[in-house]
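For reference, the structure discussed in these notes is given below.
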Amino acid sequence: MTWRQLLDEWPLIEADLHEVYGIDVGAPGLLRARSWRWLRARIFGLLSADSRINRLLNPPPDPPSPRARK
């Protein structure tokens, strides 16, 4: 996964940042006041949290199919 692909899912990331960290990226000046490193660390954190972006990129395995009855 590239940063471009990841950032194409920005609406999920934005919602997750708010839910997981309480960060409202729409707050005026917030992203300008923070470094790229700060944002990157939180996005990486979302990838290991129970988050929308994590569930999109790492869906649960398909349940086993029922065996055919004899």
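Numbering starts fresh at 1 for the residues of each chain in the structure tokens, the chains themselves are lettered A, B, ... in the order given, and ligands are numbered from 1 as they appear.
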Practice item. Pick out each residue of chain A that DSSP on the backbone tags as helix (DSSP H, G or I); I need them as a PyMOL selection string. Key: chain A and resi 3-7+10-21+30-33+36-46+52-57
Check your understanding: Using only C-alpha atoms, which of the listed residues (A:Ile13, A:His18, A:Ile23, A:Arg32) sits closest to Leu47 (chain A)?
Key ->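 Going through A:Ile13, A:His18, A:Ile23, A:Arg32 one by one, the smallest distance to Leu47 (chain A) is for A:Ile13.
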Check your understanding: Hey, what's within 12 Å of region 1-6 of chain A if we count only C-alpha atoms and toss same-chain stuff fewer than 4 positions away? As number ranges by chain, please?
Key -> A: 10-14, 40, 43-44, 46-47, 53-54, 56-58
